[in-house]
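Enquirer: Structure incoming, see below.
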Amino acid sequence: MRPTPLPALQDNYVWALGAGKALVVDPGAAEPVFAAAERGLVPAAILLTHHHADHCAGVPELLERWPGVPVVGPDDPRIPFASERAGDGDRLQLGGHAIRVIGVPGHTRSHIAYLVEGALFCGDTLFSLGCGRMFEGEAVQMHESLQRLAALPGDTLVCCGHEYTLSNAAFALAVEPGNRALARRQAEATALRQAGQPTVPVALSTELDTNPFLRCGEPAVREAAARRLGHAPRNDADCFGALRAWKDGFAA
């Protein structure tokens, strides 16, 4: 079953997986889930990737309506309403779904992702054509987290926490202006947004061809990083760090 993005807040997505009883991922607001409930959705479990309010603030309201629903989150006291804690390598069975937990620290120190039947719920670690800011991690750590996700099968569906694809595309094209796959992805994403549609989920294989933060070994990406650093990057993590610092101050 294909995961469904439920728009929330300004540019967030709450994710739902399943018909009827469903996994609900990162409910930063309860309203989109309540609206989906009018169409038959009932939360079987709630999965949280990290503690930021725009990913979990809706949980208390959801528990008021559906008390006893399992809430899984990372081992972090900043998520007080999690009834179950999960960490890297854990295997869960919830709502009829087999769930693999992947530790991806960097955006936050306790950030985790969930791989569920070919769908990757990665919160704010990996975005389409981008990645999250490093609020609590370092470049080497974040790069390693992204490499763990990049190693998943190419048909894995990337289900990220925000609709950032078009703004990320502008930066990605500044890094790799000659990337034809990236130009096609930008055109596709533009058409989707003009039609009022989400740009995600997206296949990981597409991200591997277009996302500069997953392409730190590519000559064109390394050359762009070298221009920012004033010297060739020492390794892929150094290249990643240069790109992330560039993106932090980037204006299209």
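Residue numbering restarts at 1 for every chain of the structure tokens, chains are lettered A, B, ... in their displayed order, and ligands are numbered from 1 as they appear.
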Enumerate, as number ranges by chain, the complete set of residues in stretch 52-154 of chain A that a backbone-based DSSP assignment places in strand (DSSP E).
Expert: A: 71-74, 84-86, 91-94, 97-103, 112-116, 119-123, 126-127, 130-131
Enquirer: Take the residues just selected and output them with C-alpha atoms as a short mmCIF file (atom, residue, chain, number, x, y, z; two decimals), in the first residue's frame.
Expert:
```cif
data_model
loop_
_atom_site.label_atom_id
_atom_site.label_comp_id
_atom_site.auth_asym_id
_atom_site.auth_seq_id
_atom_site.Cartn_x
_atom_site.Cartn_y
_atom_site.Cartn_z
CA VAL A 71 3.02 5.77 20.49
CA VAL A 72 6.55 4.81 19.45
CA GLY A 73 9.38 7.31 19.63
CA PRO A 74 13.13 7.53 20.17
CA GLU A 84 7.25 2.63 23.60
CA ARG A 85 10.86 3.53 22.88
CA ALA A 86 12.72 2.42 19.77
CA ARG A 91 12.20 -4.62 14.70
CA LEU A 92 8.58 -3.87 15.54
CA GLN A 93 5.23 -5.40 14.64
CA LEU A 94 2.40 -2.86 14.83
CA HIS A 97 3.12 -4.00 9.67
CA ALA A 98 6.73 -5.10 10.04
CA ILE A 99 8.81 -2.05 10.97
CA ARG A 100 12.59 -1.63 10.94
CA VAL A 101 14.07 1.21 12.99
CA ILE A 102 17.16 3.02 11.69
CA GLY A 103 19.15 5.44 13.83
CA ILE A 112 15.24 7.74 14.05
CA ALA A 113 13.65 6.63 10.78
CA TYR A 114 11.19 3.82 10.12
CA LEU A 115 11.32 1.47 7.15
CA VAL A 116 7.91 -0.12 6.61
CA ALA A 119 8.36 3.10 2.64
CA LEU A 120 10.98 5.14 4.49
CA PHE A 121 9.61 7.60 7.04
CA CYS A 122 12.68 9.74 7.57
CA GLY A 123 11.37 12.85 9.31
CA LEU A 126 16.42 13.25 4.27
CA PHE A 127 14.24 15.52 2.14
CA GLY A 130 17.85 18.03 0.33
CA CYS A 131 18.49 17.13 3.96
#
```
Enquirer: Which residues are near A:Glu61? Cut-off 12 Å, only C-alpha atoms, ignore same chain within fewer than 3 positions. Put them as a ChimeraX atom specification.
Expert: /A:27-34,56-58,64-67,69,81
Enquirer: Go ahead and save the residues from that selection, with C-alpha atoms, as an mmCIF file, in the first residue's frame.
Expert:
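As a result, part.cif now contains:
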```cif
data_model
loop_
_atom_site.group_PDB
_atom_site.id
_atom_site.type_symbol
_atom_site.label_atom_id
_atom_site.label_comp_id
_atom_site.auth_asym_id
_atom_site.auth_seq_id
_atom_site.Cartn_x
_atom_site.Cartn_y
_atom_site.Cartn_z
ATOM 1 C CA PRO A 27 1.507 14.110 13.607
ATOM 2 C CA GLY A 28 2.612 17.677 14.211
ATOM 3 C CA ALA A 29 -1.077 18.549 14.241
ATOM 4 C CA ALA A 30 -4.126 16.420 14.948
ATOM 5 C CA GLU A 31 -6.505 18.029 12.434
ATOM 6 C CA PRO A 32 -5.254 16.206 9.309
ATOM 7 C CA VAL A 33 -5.675 12.878 11.082
ATOM 8 C CA PHE A 34 -9.162 13.815 12.249
ATOM 9 C CA CYS A 56 4.619 15.365 17.476
ATOM 10 C CA ALA A 57 2.477 18.167 18.951
ATOM 11 C CA GLY A 58 -0.738 16.548 17.716
ATOM 12 C CA GLU A 64 -7.821 11.899 23.669
ATOM 13 C CA ARG A 65 -9.858 10.547 20.766
ATOM 14 C CA TRP A 66 -8.127 7.157 20.523
ATOM 15 C CA PRO A 67 -6.819 6.326 24.005
ATOM 16 C CA VAL A 69 -3.009 3.726 20.752
ATOM 17 C CA PHE A 81 3.973 10.794 25.686
#
```
Enquirer: Name the closest residue to A:Ala245 among the candidates A:Ala22, A:Ala35, A:His111, A:Gly132; distances are taken between atoms, counting only C-alpha atoms.
Expert: A:Gly132
Enquirer: Sorted by chain and rising residue number, which residues of stretch 197-228 of chain A lie within 6 Å of stretch 235-243 of chain A, and what are their closest atom pairs and distances in Å to one decimal, counting only C-alpha atoms, as CSV?
Expert:
```
residue,atom,partner,partner_atom,distance
A:Cys216,CA,A:Asp236,CA,5.3
A:Gly217,CA,A:Asp236,CA,6.0
A:Ala225,CA,A:Cys239,CA,5.7
```
Enquirer: Find the residue from A:Pro233, A:Gly161, A:Pro60, A:Gly87 that sits nearest to A:Ser110; use only C-alpha atoms when measuring.
Expert: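 Among the listed residues, the smallest separation from A:Ser110 belongs to A:Gly87.
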Enquirer: Which neighbours of A:His162 fall inside 7 Å, counting only C-alpha atoms, when residues of the same chain fewer than 2 positions from it are skipped, and could you give them as a PyMOL selection string?
Expert: chain A and resi 11-13+160+164
Enquirer: Tell me which protein, DNA and RNA residues are within 8 Å of A:Trp15, counting only C-alpha atoms, leaving out same-chain ones fewer than 3 positions away, and put them as a PyMOL selection string.
Expert: chain A and resi 3-6+23-27+159
Enquirer: Export N, CA, C and O atoms of the chosen residues as a PDB file, in the first residue's frame?
Expert:
```pdb
ATOM      1  N   PRO A   3       2.003   4.934   0.858  1.00  0.00           N
ATOM      2  CA  PRO A   3       1.767   5.857   1.971  1.00  0.00           C
ATOM      3  C   PRO A   3       1.112   7.143   1.489  1.00  0.00           C
ATOM      4  O   PRO A   3       1.333   7.591   0.363  1.00  0.00           O
ATOM      5  N   THR A   4       0.313   7.736   2.352  1.00  0.00           N
ATOM      6  CA  THR A   4      -0.440   8.948   2.016  1.00  0.00           C
ATOM      7  C   THR A   4       0.080  10.128   2.819  1.00  0.00           C
ATOM      8  O   THR A   4       0.089  10.088   4.053  1.00  0.00           O
ATOM      9  N   PRO A   5       0.505  11.209   2.135  1.00  0.00           N
ATOM     10  CA  PRO A   5       0.908  12.416   2.862  1.00  0.00           C
ATOM     11  C   PRO A   5      -0.311  13.273   3.183  1.00  0.00           C
ATOM     12  O   PRO A   5      -1.106  13.609   2.296  1.00  0.00           O
ATOM     13  N   LEU A   6      -0.459  13.639   4.445  1.00  0.00           N
ATOM     14  CA  LEU A   6      -1.554  14.495   4.890  1.00  0.00           C
ATOM     15  C   LEU A   6      -0.962  15.868   5.211  1.00  0.00           C
ATOM     16  O   LEU A   6      -0.216  16.018   6.188  1.00  0.00           O
ATOM     17  N   LEU A  23      -0.921   3.117  10.264  1.00  0.00           N
ATOM     18  CA  LEU A  23       0.167   3.756  10.987  1.00  0.00           C
ATOM     19  C   LEU A  23       0.117   5.249  10.700  1.00  0.00           C
ATOM     20  O   LEU A  23      -0.072   5.662   9.550  1.00  0.00           O
ATOM     21  N   VAL A  24       0.275   6.054  11.720  1.00  0.00           N
ATOM     22  CA  VAL A  24       0.313   7.507  11.575  1.00  0.00           C
ATOM     23  C   VAL A  24       1.701   7.972  12.005  1.00  0.00           C
ATOM     24  O   VAL A  24       2.156   7.635  13.109  1.00  0.00           O
ATOM     25  N   VAL A  25       2.376   8.692  11.140  1.00  0.00           N
ATOM     26  CA  VAL A  25       3.765   9.078  11.389  1.00  0.00           C
ATOM     27  C   VAL A  25       3.883  10.595  11.521  1.00  0.00           C
ATOM     28  O   VAL A  25       3.415  11.344  10.658  1.00  0.00           O
ATOM     29  N   ASP A  26       4.494  11.039  12.605  1.00  0.00           N
ATOM     30  CA  ASP A  26       4.854  12.438  12.845  1.00  0.00           C
ATOM     31  C   ASP A  26       3.665  13.405  12.766  1.00  0.00           C
ATOM     32  O   ASP A  26       3.676  14.366  11.992  1.00  0.00           O
ATOM     33  N   PRO A  27       2.637  13.188  13.607  1.00  0.00           N
ATOM     34  CA  PRO A  27       1.507  14.110  13.607  1.00  0.00           C
ATOM     35  C   PRO A  27       1.832  15.405  14.348  1.00  0.00           C
ATOM     36  O   PRO A  27       1.601  15.542  15.551  1.00  0.00           O
ATOM     37  N   CYS A 159       9.596   9.192   2.323  1.00  0.00           N
ATOM     38  CA  CYS A 159       8.438   9.897   2.889  1.00  0.00           C
ATOM     39  C   CYS A 159       8.965  10.857   3.944  1.00  0.00           C
ATOM     40  O   CYS A 159       9.120  10.500   5.112  1.00  0.00           O
TER      41      CYS A 159
END
```
Enquirer: Please extract the residues of stretch 97-175 of chain A with a backbone DSSP assignment of alpha helix (DSSP H) and present them as a ChimeraX atom specification.
Expert: /A:139-150,165-175
